$ cat run32.cif   # mmCIF, C-alpha atoms
data_target
loop_
_atom_site.label_atom_id
_atom_site.label_comp_id
_atom_site.auth_asym_id
_atom_site.auth_seq_id
_atom_site.Cartn_x
_atom_site.Cartn_y
_atom_site.Cartn_z
CA MET A 13 -48.80 -77.03 -28.85
CA GLU A 14 -50.13 -73.49 -29.16
CA LEU A 15 -49.25 -71.33 -32.13
CA PRO A 16 -47.57 -68.02 -31.26
CA ASP A 17 -49.69 -64.92 -31.65
CA SER A 18 -47.71 -63.66 -34.63
CA LEU A 19 -48.22 -66.88 -36.61
CA LEU A 20 -51.87 -67.17 -35.64
CA SER A 21 -52.43 -63.57 -36.69
CA HIS A 22 -50.81 -64.29 -40.05
CA VAL A 23 -53.06 -67.32 -40.60
CA PHE A 24 -56.17 -65.36 -39.63
CA SER A 25 -55.29 -62.58 -42.07
CA PHE A 26 -56.04 -64.96 -44.96
CA ALA A 27 -59.21 -66.45 -43.47
CA GLY A 28 -61.63 -63.64 -44.27
CA GLY A 29 -63.33 -61.37 -41.77
CA LYS A 30 -66.43 -63.53 -41.26
CA ASN A 31 -64.35 -66.60 -40.41
CA VAL A 32 -62.14 -64.55 -38.10
CA ALA A 33 -65.20 -63.25 -36.27
CA ASN A 34 -66.42 -66.82 -35.80
CA ALA A 35 -62.96 -67.88 -34.58
CA SER A 36 -63.19 -65.36 -31.74
CA TYR A 37 -65.74 -67.65 -30.05
CA VAL A 38 -63.36 -70.64 -29.96
CA CYS A 39 -61.25 -69.61 -26.97
CA ASN A 40 -60.17 -66.60 -24.94
CA LYS A 41 -56.80 -66.36 -26.67
CA TRP A 42 -58.34 -66.17 -30.13
CA ALA A 43 -60.94 -63.70 -28.89
CA ARG A 44 -58.18 -61.46 -27.47
CA LEU A 45 -56.23 -61.65 -30.72
CA VAL A 46 -59.28 -60.75 -32.81
CA ARG A 47 -60.08 -57.89 -30.45
CA GLU A 48 -56.61 -56.41 -29.94
CA ASP A 49 -54.30 -57.22 -32.86
CA PRO A 50 -54.28 -54.30 -35.38
CA SER A 51 -51.84 -56.02 -37.76
CA MET A 52 -54.29 -58.88 -38.39
CA TRP A 53 -57.17 -56.55 -39.33
CA GLN A 54 -54.77 -54.41 -41.35
CA LYS A 55 -53.74 -57.46 -43.38
CA LEU A 56 -57.37 -58.50 -43.77
CA CYS A 57 -58.21 -55.07 -45.18
CA LEU A 58 -55.27 -55.31 -47.55
CA ASN A 59 -55.89 -58.91 -48.64
CA ASP A 60 -59.68 -58.66 -49.03
CA PHE A 61 -60.12 -55.07 -50.22
CA GLY A 62 -56.69 -53.70 -51.18
CA LEU A 63 -57.10 -51.01 -48.51
CA LYS A 64 -53.92 -49.39 -47.18
CA THR A 65 -53.54 -46.83 -44.41
CA SER A 66 -51.38 -46.23 -41.33
CA TRP A 67 -53.66 -46.69 -38.30
CA ASN A 68 -52.25 -48.48 -35.25
CA GLU A 69 -55.54 -49.07 -33.46
CA SER A 70 -57.20 -52.46 -33.86
CA LYS A 71 -60.70 -50.99 -33.53
CA LYS A 72 -60.22 -48.63 -36.49
CA TRP A 73 -59.05 -51.46 -38.71
CA ARG A 74 -61.81 -53.78 -37.50
CA ASP A 75 -64.51 -51.15 -37.97
CA THR A 76 -63.14 -50.34 -41.43
CA TYR A 77 -63.23 -54.00 -42.42
CA ILE A 78 -66.80 -54.39 -41.19
CA ARG A 79 -67.88 -51.24 -43.02
CA GLU A 80 -66.26 -52.27 -46.31
CA TRP A 81 -67.62 -55.82 -46.05
CA SER A 82 -71.11 -54.53 -45.26
CA LEU A 83 -71.00 -52.05 -48.14
CA ARG A 84 -70.27 -54.90 -50.51
CA THR A 85 -72.70 -57.51 -49.20
CA ARG A 86 -75.49 -56.12 -47.00
CA PRO A 87 -78.59 -54.04 -47.75
CA LEU A 88 -78.03 -50.31 -47.30
CA GLU A 89 -80.22 -48.11 -45.16
CA VAL A 90 -81.55 -45.09 -46.99
CA SER A 91 -83.04 -41.76 -45.97
CA ALA A 92 -84.09 -38.85 -48.19
CA LEU A 93 -83.67 -35.09 -47.94
CA ASP A 94 -86.66 -32.98 -48.93
CA PHE A 95 -85.73 -29.96 -51.05
CA ASN A 96 -89.20 -29.32 -52.45
CA VAL A 97 -90.66 -25.84 -51.99
CA GLY A 98 -94.25 -27.00 -52.35
CA PRO A 99 -96.39 -30.02 -53.28
CA SER A 100 -96.49 -29.00 -56.95
CA LEU A 101 -92.99 -27.55 -57.19
CA PRO A 102 -90.34 -30.28 -57.02
CA VAL A 103 -86.77 -28.98 -57.11
CA TRP A 104 -83.97 -30.79 -58.88
CA THR A 105 -80.67 -30.98 -57.00
CA LYS A 106 -78.04 -30.52 -59.70
CA CYS A 107 -74.78 -30.79 -57.71
CA LEU A 108 -73.49 -31.97 -54.33
CA GLN A 109 -70.38 -31.50 -52.20
CA LEU A 110 -69.75 -33.46 -49.00
CA HIS A 111 -67.12 -32.32 -46.50
CA SER A 112 -66.63 -33.26 -42.82
CA GLU A 113 -70.23 -34.27 -42.04
CA LYS A 114 -71.69 -31.32 -43.97
CA LEU A 115 -73.44 -31.54 -47.32
CA VAL A 116 -73.89 -28.62 -49.72
CA ALA A 117 -76.50 -28.99 -52.45
CA GLY A 118 -76.94 -26.71 -55.46
CA LEU A 119 -80.54 -26.51 -56.63
CA GLU A 120 -82.38 -25.85 -59.86
CA ASN A 121 -84.10 -22.81 -58.31
CA GLY A 122 -80.78 -21.02 -57.68
CA MET A 123 -80.56 -21.79 -53.95
CA LEU A 124 -77.87 -23.67 -52.09
CA LYS A 125 -78.63 -25.61 -48.93
CA ILE A 126 -76.18 -26.78 -46.28
CA TRP A 127 -77.04 -29.82 -44.17
CA ASN A 128 -75.30 -31.16 -41.08
CA LEU A 129 -75.33 -34.97 -41.34
CA ARG A 130 -73.76 -35.71 -37.95
CA GLY A 131 -76.23 -37.85 -36.03
CA GLY A 132 -79.05 -37.21 -38.50
CA THR A 133 -79.96 -34.59 -41.08
CA ARG A 134 -80.30 -30.99 -39.99
CA LEU A 135 -80.61 -28.01 -42.35
CA VAL A 136 -78.19 -25.34 -41.12
CA ALA A 137 -78.24 -22.73 -43.90
CA THR A 138 -79.94 -21.68 -47.12
CA LEU A 139 -77.87 -19.51 -49.44
CA ARG A 140 -79.86 -17.20 -51.72
CA GLY A 141 -78.47 -15.01 -54.46
CA HIS A 142 -78.35 -16.89 -57.75
CA THR A 143 -81.25 -16.27 -60.14
CA GLU A 144 -80.83 -19.45 -62.21
CA SER A 145 -79.83 -23.08 -61.59
CA VAL A 146 -76.70 -23.82 -59.59
CA VAL A 147 -74.69 -26.16 -61.81
CA SER A 148 -71.51 -26.65 -59.77
CA VAL A 149 -70.40 -26.25 -56.17
CA HIS A 150 -67.18 -26.62 -54.19
CA PHE A 151 -66.99 -26.63 -50.38
CA ASP A 152 -63.83 -26.84 -48.25
CA GLY A 153 -65.50 -26.71 -44.84
CA LYS A 154 -65.46 -22.92 -44.52
CA THR A 155 -66.02 -21.48 -47.99
CA VAL A 156 -68.63 -22.38 -50.57
CA VAL A 157 -68.02 -21.50 -54.22
CA SER A 158 -70.95 -21.89 -56.61
CA GLY A 159 -71.39 -21.53 -60.36
CA SER A 160 -74.77 -20.83 -61.90
CA GLU A 161 -76.61 -20.59 -65.20
CA ASP A 162 -77.10 -16.90 -64.34
CA ASN A 163 -73.46 -16.55 -65.50
CA THR A 164 -72.07 -15.74 -62.08
CA VAL A 165 -69.69 -17.44 -59.67
CA LYS A 166 -70.35 -16.64 -56.02
CA VAL A 167 -68.12 -17.01 -52.96
CA TRP A 168 -69.95 -17.65 -49.68
CA ASP A 169 -69.03 -17.87 -46.02
CA ALA A 170 -70.55 -21.17 -44.93
CA ALA A 171 -70.93 -20.17 -41.27
CA SER A 172 -72.83 -16.94 -41.86
CA GLY A 173 -74.39 -17.72 -45.24
CA ARG A 174 -73.16 -14.36 -46.54
CA CYS A 175 -72.06 -13.94 -50.15
CA SER A 176 -68.67 -12.23 -50.00
CA LYS A 177 -68.00 -11.94 -53.73
CA THR A 178 -69.83 -12.25 -57.03
CA ILE A 179 -67.84 -12.79 -60.21
CA GLU A 180 -69.54 -12.26 -63.56
CA VAL A 181 -68.61 -14.68 -66.34
CA ASP A 182 -69.77 -15.47 -69.87
CA GLN A 183 -70.66 -19.03 -68.90
CA VAL A 184 -69.77 -21.46 -66.12
CA ASP A 185 -70.12 -25.24 -66.08
CA CYS A 186 -67.74 -26.21 -63.27
CA VAL A 187 -65.95 -24.62 -60.32
CA GLN A 188 -63.16 -25.45 -57.87
CA PHE A 189 -61.59 -23.56 -55.00
CA GLY A 190 -58.19 -23.73 -53.33
CA ASP A 191 -55.44 -21.50 -51.92
CA SER A 192 -57.77 -18.45 -52.00
CA THR A 193 -58.26 -18.96 -55.74
CA VAL A 194 -61.57 -19.48 -57.51
CA ILE A 195 -61.29 -21.64 -60.62
CA ALA A 196 -64.09 -21.76 -63.17
CA GLY A 197 -64.42 -23.66 -66.43
CA SER A 198 -66.96 -23.72 -69.23
CA MET A 199 -67.53 -25.48 -72.52
CA ILE A 200 -66.88 -22.30 -74.50
CA GLN A 201 -63.84 -20.71 -72.82
CA PRO A 202 -60.49 -21.55 -71.25
CA ILE A 203 -60.32 -22.16 -67.51
CA LYS A 204 -60.03 -18.90 -65.58
CA LEU A 205 -58.69 -18.08 -62.12
CA TRP A 206 -59.80 -15.29 -59.77
CA ASP A 207 -58.68 -14.05 -56.38
CA ALA A 208 -61.45 -15.10 -53.98
CA SER A 209 -61.13 -11.99 -51.79
CA SER A 210 -60.91 -9.25 -54.39
CA GLY A 211 -62.63 -10.95 -57.31
CA GLN A 212 -59.78 -9.84 -59.57
CA LEU A 213 -58.93 -12.05 -62.54
CA LYS A 214 -55.56 -13.73 -61.95
CA GLY A 215 -55.29 -15.27 -65.40
CA SER A 216 -56.36 -18.23 -67.47
CA LEU A 217 -54.92 -21.59 -68.36
CA PRO A 218 -53.59 -21.93 -71.92
CA ASP A 219 -55.13 -23.75 -74.86
CA ALA A 220 -58.48 -22.22 -75.74
CA SER A 221 -59.60 -25.47 -77.36
CA ALA A 222 -59.77 -27.19 -73.97
CA GLY A 223 -63.30 -26.20 -72.94
CA SER A 224 -64.22 -27.87 -69.64
CA PHE A 225 -67.35 -29.66 -68.46
CA CYS A 226 -65.84 -30.83 -65.13
CA LEU A 227 -62.87 -29.97 -62.89
CA ASP A 228 -61.06 -31.49 -59.93
CA LEU A 229 -58.30 -29.81 -57.92
CA PHE A 230 -55.73 -31.78 -55.90
CA GLY A 231 -53.05 -29.56 -54.39
CA SER A 232 -51.75 -27.44 -57.26
CA ARG A 233 -52.80 -29.98 -59.88
CA LEU A 234 -56.04 -29.42 -61.74
CA VAL A 235 -57.72 -32.04 -63.93
CA SER A 236 -60.40 -31.08 -66.47
CA GLY A 237 -62.71 -33.10 -68.69
CA SER A 238 -64.26 -31.84 -71.91
CA SER A 239 -66.74 -32.59 -74.69
CA LEU A 240 -63.77 -33.33 -76.95
CA ASP A 241 -63.31 -36.71 -75.18
CA MET A 242 -60.10 -35.38 -73.63
CA ILE A 243 -58.81 -35.02 -70.09
CA HIS A 244 -56.26 -32.28 -69.43
CA MET A 245 -53.98 -31.91 -66.43
CA TRP A 246 -52.69 -28.51 -65.34
CA ASP A 247 -50.21 -27.06 -62.88
CA VAL A 248 -52.22 -24.15 -61.49
CA GLU A 249 -49.24 -22.41 -59.88
CA ARG A 250 -47.24 -22.43 -63.14
CA ARG A 251 -50.37 -21.91 -65.29
CA ASP A 252 -49.19 -24.67 -67.56
CA ARG A 253 -50.67 -27.83 -69.02
CA VAL A 254 -48.59 -30.77 -67.81
CA GLY A 255 -50.46 -33.72 -69.31
CA PHE A 256 -53.47 -35.02 -71.17
CA PHE A 257 -55.26 -38.36 -71.36
CA GLU A 258 -56.90 -39.82 -74.47
CA GLY A 259 -59.18 -42.84 -74.54
CA HIS A 260 -62.82 -41.89 -74.08
CA SER A 261 -65.02 -41.77 -77.16
CA ASP A 262 -67.56 -39.24 -75.90
CA TRP A 263 -67.89 -36.36 -73.42
CA VAL A 264 -66.02 -36.62 -70.14
CA LEU A 265 -68.72 -35.83 -67.57
CA ASP A 266 -66.83 -36.11 -64.26
CA VAL A 267 -63.25 -36.41 -63.02
CA LYS A 268 -61.73 -37.10 -59.61
CA SER A 269 -58.04 -37.31 -58.72
CA ASP A 270 -55.47 -37.86 -56.00
CA GLU A 271 -51.71 -38.17 -55.94
CA ASN A 272 -51.67 -41.58 -57.59
CA ARG A 273 -54.58 -41.72 -60.00
CA VAL A 274 -57.20 -39.89 -62.03
CA VAL A 275 -60.66 -41.43 -62.45
CA SER A 276 -63.00 -40.23 -65.18
CA ALA A 277 -66.64 -40.89 -66.09
CA SER A 278 -67.95 -40.48 -69.61
CA ARG A 279 -71.00 -40.40 -71.83
CA ASP A 280 -69.41 -43.37 -73.63
CA HIS A 281 -70.75 -45.57 -70.75
CA THR A 282 -67.29 -46.22 -69.26
CA ILE A 283 -65.13 -45.22 -66.31
CA LYS A 284 -61.37 -45.04 -66.76
CA VAL A 285 -58.56 -45.09 -64.22
CA TRP A 286 -55.41 -43.22 -65.29
CA ASP A 287 -51.83 -42.91 -64.08
CA PRO A 288 -51.16 -39.14 -63.79
CA ARG A 289 -47.41 -39.68 -64.08
CA ASN A 290 -47.48 -40.96 -67.64
CA GLY A 291 -51.08 -40.46 -68.84
CA GLU A 292 -51.65 -44.18 -69.38
CA CYS A 293 -55.07 -45.76 -68.86
CA CYS A 294 -54.58 -48.41 -66.18
CA ARG A 295 -58.09 -49.82 -66.29
CA THR A 296 -61.46 -49.38 -67.97
CA LEU A 297 -64.59 -50.17 -65.97
CA HIS A 298 -67.67 -51.08 -67.95
CA GLY A 299 -70.55 -53.07 -66.55
CA ARG A 300 -74.16 -53.20 -67.66
CA GLN A 301 -74.90 -49.53 -67.09
CA CYS A 302 -77.35 -48.06 -69.55
CA GLY A 303 -76.33 -44.66 -70.80
CA ALA A 304 -73.88 -42.04 -69.62
CA VAL A 305 -71.91 -42.27 -66.38
CA TRP A 306 -72.54 -38.83 -64.87
CA CYS A 307 -70.63 -38.96 -61.60
CA VAL A 308 -67.80 -40.86 -59.98
CA GLY A 309 -65.80 -40.98 -56.76
CA PHE A 310 -63.09 -43.24 -55.40
CA ASP A 311 -60.92 -44.06 -52.41
CA ASP A 312 -58.00 -46.43 -51.86
CA CYS A 313 -59.95 -49.58 -52.64
CA LYS A 314 -63.12 -48.80 -54.61
CA VAL A 315 -64.81 -46.66 -57.22
CA ILE A 316 -68.46 -45.60 -56.86
CA SER A 317 -70.35 -44.32 -59.91
CA GLY A 318 -73.81 -43.07 -60.84
CA SER A 319 -75.29 -43.42 -64.31
CA ASP A 320 -78.21 -42.69 -66.59
CA ASP A 321 -80.08 -45.89 -65.69
CA GLY A 322 -80.61 -44.78 -62.08
CA TYR A 323 -78.05 -47.19 -60.64
CA MET A 324 -75.15 -46.62 -58.28
CA ARG A 325 -72.32 -49.09 -58.89
CA LEU A 326 -69.41 -50.14 -56.73
CA TRP A 327 -66.19 -51.29 -58.39
CA ASP A 328 -63.05 -52.99 -57.07
CA LEU A 329 -60.20 -50.61 -57.82
CA ARG A 330 -57.67 -53.46 -57.92
CA ASN A 331 -59.17 -55.47 -60.77
CA GLY A 332 -61.91 -53.25 -62.21
CA LYS A 333 -64.68 -55.74 -61.45
CA GLN A 334 -68.14 -54.59 -60.52
CA ILE A 335 -68.87 -55.41 -56.86
CA ARG A 336 -72.57 -54.58 -56.83
CA ALA A 337 -75.21 -52.40 -58.50
CA ILE A 338 -78.00 -50.70 -56.57
CA GLY A 339 -81.01 -48.97 -58.08
CA VAL A 340 -81.07 -45.61 -56.30
CA HIS A 341 -83.10 -43.20 -58.45
CA ASP A 342 -86.13 -43.48 -60.70
CA PHE A 343 -85.28 -44.18 -64.33
CA SER A 344 -88.85 -43.71 -65.59
CA CYS A 345 -88.51 -39.90 -65.88
CA ARG A 346 -85.70 -40.23 -68.38
CA THR A 347 -84.45 -37.02 -69.91
CA MET A 348 -81.03 -35.89 -71.07
CA PHE A 349 -80.09 -35.63 -67.38
CA SER A 350 -81.90 -38.63 -65.90
CA GLY A 351 -80.75 -41.24 -63.44
CA VAL A 352 -78.02 -40.39 -60.92
CA ASN A 353 -76.60 -36.95 -61.74
CA SER A 354 -74.44 -36.31 -58.64
CA LEU A 355 -72.72 -38.48 -56.04
CA GLN A 356 -70.49 -37.94 -53.01
CA PHE A 357 -69.26 -40.34 -50.34
CA ASP A 358 -67.09 -40.55 -47.25
CA ALA A 359 -66.28 -43.26 -44.70
CA ASN A 360 -69.80 -43.20 -43.24
CA ARG A 361 -72.24 -42.62 -46.08
CA ILE A 362 -72.96 -42.26 -49.79
CA VAL A 363 -75.10 -39.34 -50.97
CA THR A 364 -76.81 -39.42 -54.37
CA ALA A 365 -78.96 -36.92 -56.27
CA GLY A 366 -81.24 -37.88 -59.15
CA ARG A 367 -83.55 -36.45 -61.77
CA ASP A 368 -86.44 -37.83 -59.72
CA TYR A 369 -85.89 -34.72 -57.53
CA LEU A 370 -84.61 -36.77 -54.58
CA VAL A 371 -81.39 -36.63 -52.60
CA LYS A 372 -80.72 -39.92 -50.80
CA ILE A 373 -78.27 -40.81 -48.05
CA TRP A 374 -77.09 -44.42 -48.01
CA THR A 375 -75.45 -46.02 -44.95
CA VAL A 376 -74.39 -49.57 -44.10
CA THR A 377 -76.61 -51.57 -41.76
#
$ encode --input "run32.cif" --output "structure tokens"
Amino acid sequence: MELPDSLLSHVFSFAGGKNVANASYVCNKWARLVREDPSMWQKLCLNDFGLKTSWNESKKWRDTYIREWSLRTRPLEVSALDFNVGPSLPVWTKCLQLHSEKLVAGLENGMLKIWNLRGGTRLVATLRGHTESVVSVHFDGKTVVSGSEDNTVKVWDAASGRCSKTIEVDQVDCVQFGDSTVIAGSMIQPIKLWDASSGQLKGSLPDASAGSFCLDLFGSRLVSGSSLDMIHMWDVERRDRVGFFEGHSDWVLDVKSDENRVVSASRDHTIKVWDPRNGECCRTLHGRQCGAVWCVGFDDCKVISGSDDGYMRLWDLRNGKQIRAIGVHDFSCRTMFSGVNSLQFDANRIVTAGRDYLVKIWTVT
């Protein structure tokens, strides 16, 4: 007696992807089911990784499962981008932004470089104008906004490489951009907003005590992290603080957010996952990382972090357990900003920057 497809698919969804792949060699019916049934691969992604989405194509689910499984278990291929301007002049990449196959890097020498990562690595633009280190960058696919130690924020057209606006500030440590608004924060002043076209100041967010080391904008909601161990949440349209999160014991060095969660990285060696609706800490991630956690990113099923010890770590978002740790940058040149200082990832790659002057691109084999 043959099991119906629906029951067989349900059984396979609890077998694990490797066993399902092996089962496809048993008979033509099982091979067809493995090849064509999207619900089975969808359930496998949910059961094994906690990944939820709304695709209807079996190949997308199958490819996603293979990619997530490989990221967790297989060696990663790595390539490096060369930003050096000469054999004796290494250049530190201080910030990264990845968007739709393009990578923007802010450099210690004041330049920004834009790379196209589709099918390889091709430098498409170099943006010149800052006179000191670029400390923060935001890129939405068309517009680049950069903040520099020269106390300016610049707005660039990514296609032409032209700087369309320069905004002078007292200090800038972090920038964001959205809805034609430039947002800049610093450790010494409130967060300020400017019109990207005119450069006119639109206002500032209240509470002068909330100096900001990092920002993340999701829709009209802005999240900021500070040296006061606090995370603040703002409604940019209303110019009002709508929440704050307490729990870190040292500087908050990076924040990322979406509709359902806020994830923060801190100099207290931990990563925290927060519920933005009530400000509660849902989970604290702490492995064997040595030193500060400088950068963090997440998607529906995992958190990826970079820390002072030169390691990139992958975490299961469901239970907070560390999945794997990979040494990605040289720890021997330890300074205040050693190890992994910036990290970005998408469905196809992870990009890391370190104090060893390297930018590395990691892909699954």
$ atom_distance --input "run32.cif" --atom1 "atom CA of Glu144 of chain A" --atom2 "atom CA of Leu110 of chain A"
22.2 Å
$ closest_atom_pairs --input "run32.cif" --of "segment 281-335 of chain A" --to "segment 78-83 of chain A" --cutoff "10 Å" --atoms "all atoms listed in the file" --output "Markdown table"
| residue | atom | partner | partner_atom | distance |
| --- | --- | --- | --- | --- |
| A:Cys313 | CA | A:Glu80 | CA | 9.3 |
| A:Lys314 | CA | A:Glu80 | CA | 9.5 |
| A:Leu326 | CA | A:Leu83 | CA | 8.9 |
| A:Ile335 | CA | A:Leu83 | CA | 9.6 |
$ atom_distance --input "run32.cif" --atom1 "atom CA of Asp287 of chain A" --atom2 "atom CA of Gln201 of chain A"
26.7 Å
$ closest_atom_pairs --input "run32.cif" --of "segment 150-198 of chain A" --to "segment 230-246 of chain A" --cutoff "9 Å" --atoms "only C-alpha atoms" --output "tab-separated table"
residue	atom	partner	partner_atom	distance
A:Gly190	CA	A:Gly231	CA	7.8
A:Asp191	CA	A:Gly231	CA	8.8
A:Gly197	CA	A:Ser236	CA	8.4
A:Ser198	CA	A:Ser238	CA	9.0
$ residues_around --input "run32.cif" --residues "segment 322-324 of chain A" --least-positions-apart "5" --cutoff "9 Å" --atoms "only C-alpha atoms" --output "PyMOL selection string"
chain A and resi 301-302+316-317+336-343+350-353+355+364+366-367
$ resolve_selection --input "run32.cif" --expression "the PyMOL selection byres ((chain A and resi 118) around 10)" --output "NGL selection string"
:A and (104-109 or 116-117 or 119-126 or 139 or 145-150 or 158-160)
$ resolve_selection --input "run32.cif" --expression "the PyMOL selection byres ((chain A and resi 193) around 9)" --output "MDAnalysis selection string"
chainID A and resid 188:192 194:195 205:209 214
$ closest_residue --input "run32.cif" --among "A:Leu265, A:Cys307, A:Cys294, A:Ala92" --to "Leu370 of chain A" --atoms "only C-alpha atoms"
A:Ala92
$ residues_around --input "run32.cif" --residues "Trp168 of chain A" --least-positions-apart "3" --cutoff "8 Å" --atoms "all atoms listed in the file" --output "number ranges by chain"
A: 155-157, 173-177
$ residues_around --input "run32.cif" --residues "Asp75 of chain A" --least-positions-apart "3" --cutoff "12 Å" --atoms "all atoms listed in the file" --output "ChimeraX atom specification"
/A:29,47,50,53-54,56-57,67,69-72,78-82,359-360,376
$ write_last_selection --input "run32.cif" --atoms "C-alpha atoms" --output "PDB file, in the frame of the given file"
ATOM      1  CA  GLY A  29     -63.330 -61.370 -41.770  1.00  0.00           C
ATOM      2  CA  ARG A  47     -60.080 -57.890 -30.450  1.00  0.00           C
ATOM      3  CA  PRO A  50     -54.280 -54.300 -35.380  1.00  0.00           C
ATOM      4  CA  TRP A  53     -57.170 -56.550 -39.330  1.00  0.00           C
ATOM      5  CA  GLN A  54     -54.770 -54.410 -41.350  1.00  0.00           C
ATOM      6  CA  LEU A  56     -57.370 -58.500 -43.770  1.00  0.00           C
ATOM      7  CA  CYS A  57     -58.210 -55.070 -45.180  1.00  0.00           C
ATOM      8  CA  TRP A  67     -53.660 -46.690 -38.300  1.00  0.00           C
ATOM      9  CA  GLU A  69     -55.540 -49.070 -33.460  1.00  0.00           C
ATOM     10  CA  SER A  70     -57.200 -52.460 -33.860  1.00  0.00           C
ATOM     11  CA  LYS A  71     -60.700 -50.990 -33.530  1.00  0.00           C
ATOM     12  CA  LYS A  72     -60.220 -48.630 -36.490  1.00  0.00           C
ATOM     13  CA  ILE A  78     -66.800 -54.390 -41.190  1.00  0.00           C
ATOM     14  CA  ARG A  79     -67.880 -51.240 -43.020  1.00  0.00           C
ATOM     15  CA  GLU A  80     -66.260 -52.270 -46.310  1.00  0.00           C
ATOM     16  CA  TRP A  81     -67.620 -55.820 -46.050  1.00  0.00           C
ATOM     17  CA  SER A  82     -71.110 -54.530 -45.260  1.00  0.00           C
ATOM     18  CA  ALA A 359     -66.280 -43.260 -44.700  1.00  0.00           C
ATOM     19  CA  ASN A 360     -69.800 -43.200 -43.240  1.00  0.00           C
ATOM     20  CA  VAL A 376     -74.390 -49.570 -44.100  1.00  0.00           C
TER      21      VAL A 376
END
$ residues_near_point --input "run32.cif" --point "(-63.2, -20.8, -68.9)" --cutoff "12 Å" --atoms "all atoms listed in the file" --output "PyMOL selection string"
chain A and resi 159+163+165+180-188+194-206+213+215-227+236+238
$ residues_around --input "run32.cif" --residues "Ser278 of chain A" --least-positions-apart "6" --cutoff "6 Å" --atoms "all atoms listed in the file" --output "list in words"
Trp263, Val264, Leu265 and Val305 of chain A
$ write_last_selection --input "run32.cif" --atoms "C-alpha atoms" --output "PDB file, in the frame of the given file"
ATOM      1  CA  TRP A 263     -67.890 -36.360 -73.420  1.00  0.00           C
ATOM      2  CA  VAL A 264     -66.020 -36.620 -70.140  1.00  0.00           C
ATOM      3  CA  LEU A 265     -68.720 -35.830 -67.570  1.00  0.00           C
ATOM      4  CA  VAL A 305     -71.910 -42.270 -66.380  1.00  0.00           C
TER       5      VAL A 305
END
$ resolve_selection --input "run32.cif" --expression "the PyMOL selection byres ((chain A and resi 23) around 12)" --output "tab-separated table (two decimals) with C-alpha atoms, in the frame of the given file"
chain	number	residue	atom	x	y	z
A	15	LEU	CA	-49.25	-71.33	-32.13
A	16	PRO	CA	-47.57	-68.02	-31.26
A	17	ASP	CA	-49.69	-64.92	-31.65
A	18	SER	CA	-47.71	-63.66	-34.63
A	19	LEU	CA	-48.22	-66.88	-36.61
A	20	LEU	CA	-51.87	-67.17	-35.64
A	21	SER	CA	-52.43	-63.57	-36.69
A	22	HIS	CA	-50.81	-64.29	-40.05
A	24	PHE	CA	-56.17	-65.36	-39.63
A	25	SER	CA	-55.29	-62.58	-42.07
A	26	PHE	CA	-56.04	-64.96	-44.96
A	27	ALA	CA	-59.21	-66.45	-43.47
A	28	GLY	CA	-61.63	-63.64	-44.27
A	29	GLY	CA	-63.33	-61.37	-41.77
A	31	ASN	CA	-64.35	-66.60	-40.41
A	32	VAL	CA	-62.14	-64.55	-38.10
A	35	ALA	CA	-62.96	-67.88	-34.58
A	42	TRP	CA	-58.34	-66.17	-30.13
A	45	LEU	CA	-56.23	-61.65	-30.72
A	46	VAL	CA	-59.28	-60.75	-32.81
A	51	SER	CA	-51.84	-56.02	-37.76
A	52	MET	CA	-54.29	-58.88	-38.39
A	53	TRP	CA	-57.17	-56.55	-39.33
A	55	LYS	CA	-53.74	-57.46	-43.38
A	56	LEU	CA	-57.37	-58.50	-43.77
A	59	ASN	CA	-55.89	-58.91	-48.64
$ residues_near_point --input "run32.cif" --point "(-72.3, -39.3, -39.6)" --cutoff "9 Å" --atoms "all atoms listed in the file" --output "list in words"
Ser112, Glu113, Asn128, Leu129, Arg130, Gly131, Gly132, Ala359, Asn360 and Arg361 of chain A
$ atom_distance --input "run32.cif" --atom1 "atom CA of Asp320 of chain A" --atom2 "atom CA of Trp306 of chain A"
7.1 Å
$ axis_aligned_box --input "run32.cif" --around "segment 160-167 of chain A" --padding-each-side "4 Å" --output "JSON"
{"center_x": -72.6, "center_y": -18.3, "center_z": -59.2, "size_x": 17.0, "size_y": 13.1, "size_z": 20.5}
$ decode --input "run32.cif" --residues "segment 46-52 of chain A" --atoms "N, CA and C atoms" --output "mmCIF file, in the first residue's frame"
data_model
loop_
_atom_site.group_PDB
_atom_site.id
_atom_site.type_symbol
_atom_site.label_atom_id
_atom_site.label_comp_id
_atom_site.auth_asym_id
_atom_site.auth_seq_id
_atom_site.Cartn_x
_atom_site.Cartn_y
_atom_site.Cartn_z
ATOM 1 N N VAL A 46 10.182 15.056 -3.767
ATOM 2 C CA VAL A 46 11.296 15.886 -3.276
ATOM 3 C C VAL A 46 11.552 17.055 -4.217
ATOM 4 N N ARG A 47 11.366 16.807 -5.518
ATOM 5 C CA ARG A 47 11.660 17.824 -6.515
ATOM 6 C C ARG A 47 10.564 18.875 -6.637
ATOM 7 N N GLU A 48 9.296 18.482 -6.439
ATOM 8 C CA GLU A 48 8.184 19.342 -6.823
ATOM 9 C C GLU A 48 7.300 19.834 -5.687
ATOM 10 N N ASP A 49 7.426 19.268 -4.496
ATOM 11 C CA ASP A 49 6.481 19.630 -3.430
ATOM 12 C C ASP A 49 7.003 20.800 -2.591
ATOM 13 N N PRO A 50 6.479 22.025 -2.771
ATOM 14 C CA PRO A 50 6.988 23.165 -1.987
ATOM 15 C C PRO A 50 6.624 23.080 -0.511
ATOM 16 N N SER A 51 5.475 22.466 -0.197
ATOM 17 C CA SER A 51 5.039 22.434 1.208
ATOM 18 C C SER A 51 5.994 21.615 2.064
ATOM 19 N N MET A 52 6.581 20.555 1.485
ATOM 20 C CA MET A 52 7.523 19.730 2.249
ATOM 21 C C MET A 52 8.775 20.531 2.606
#
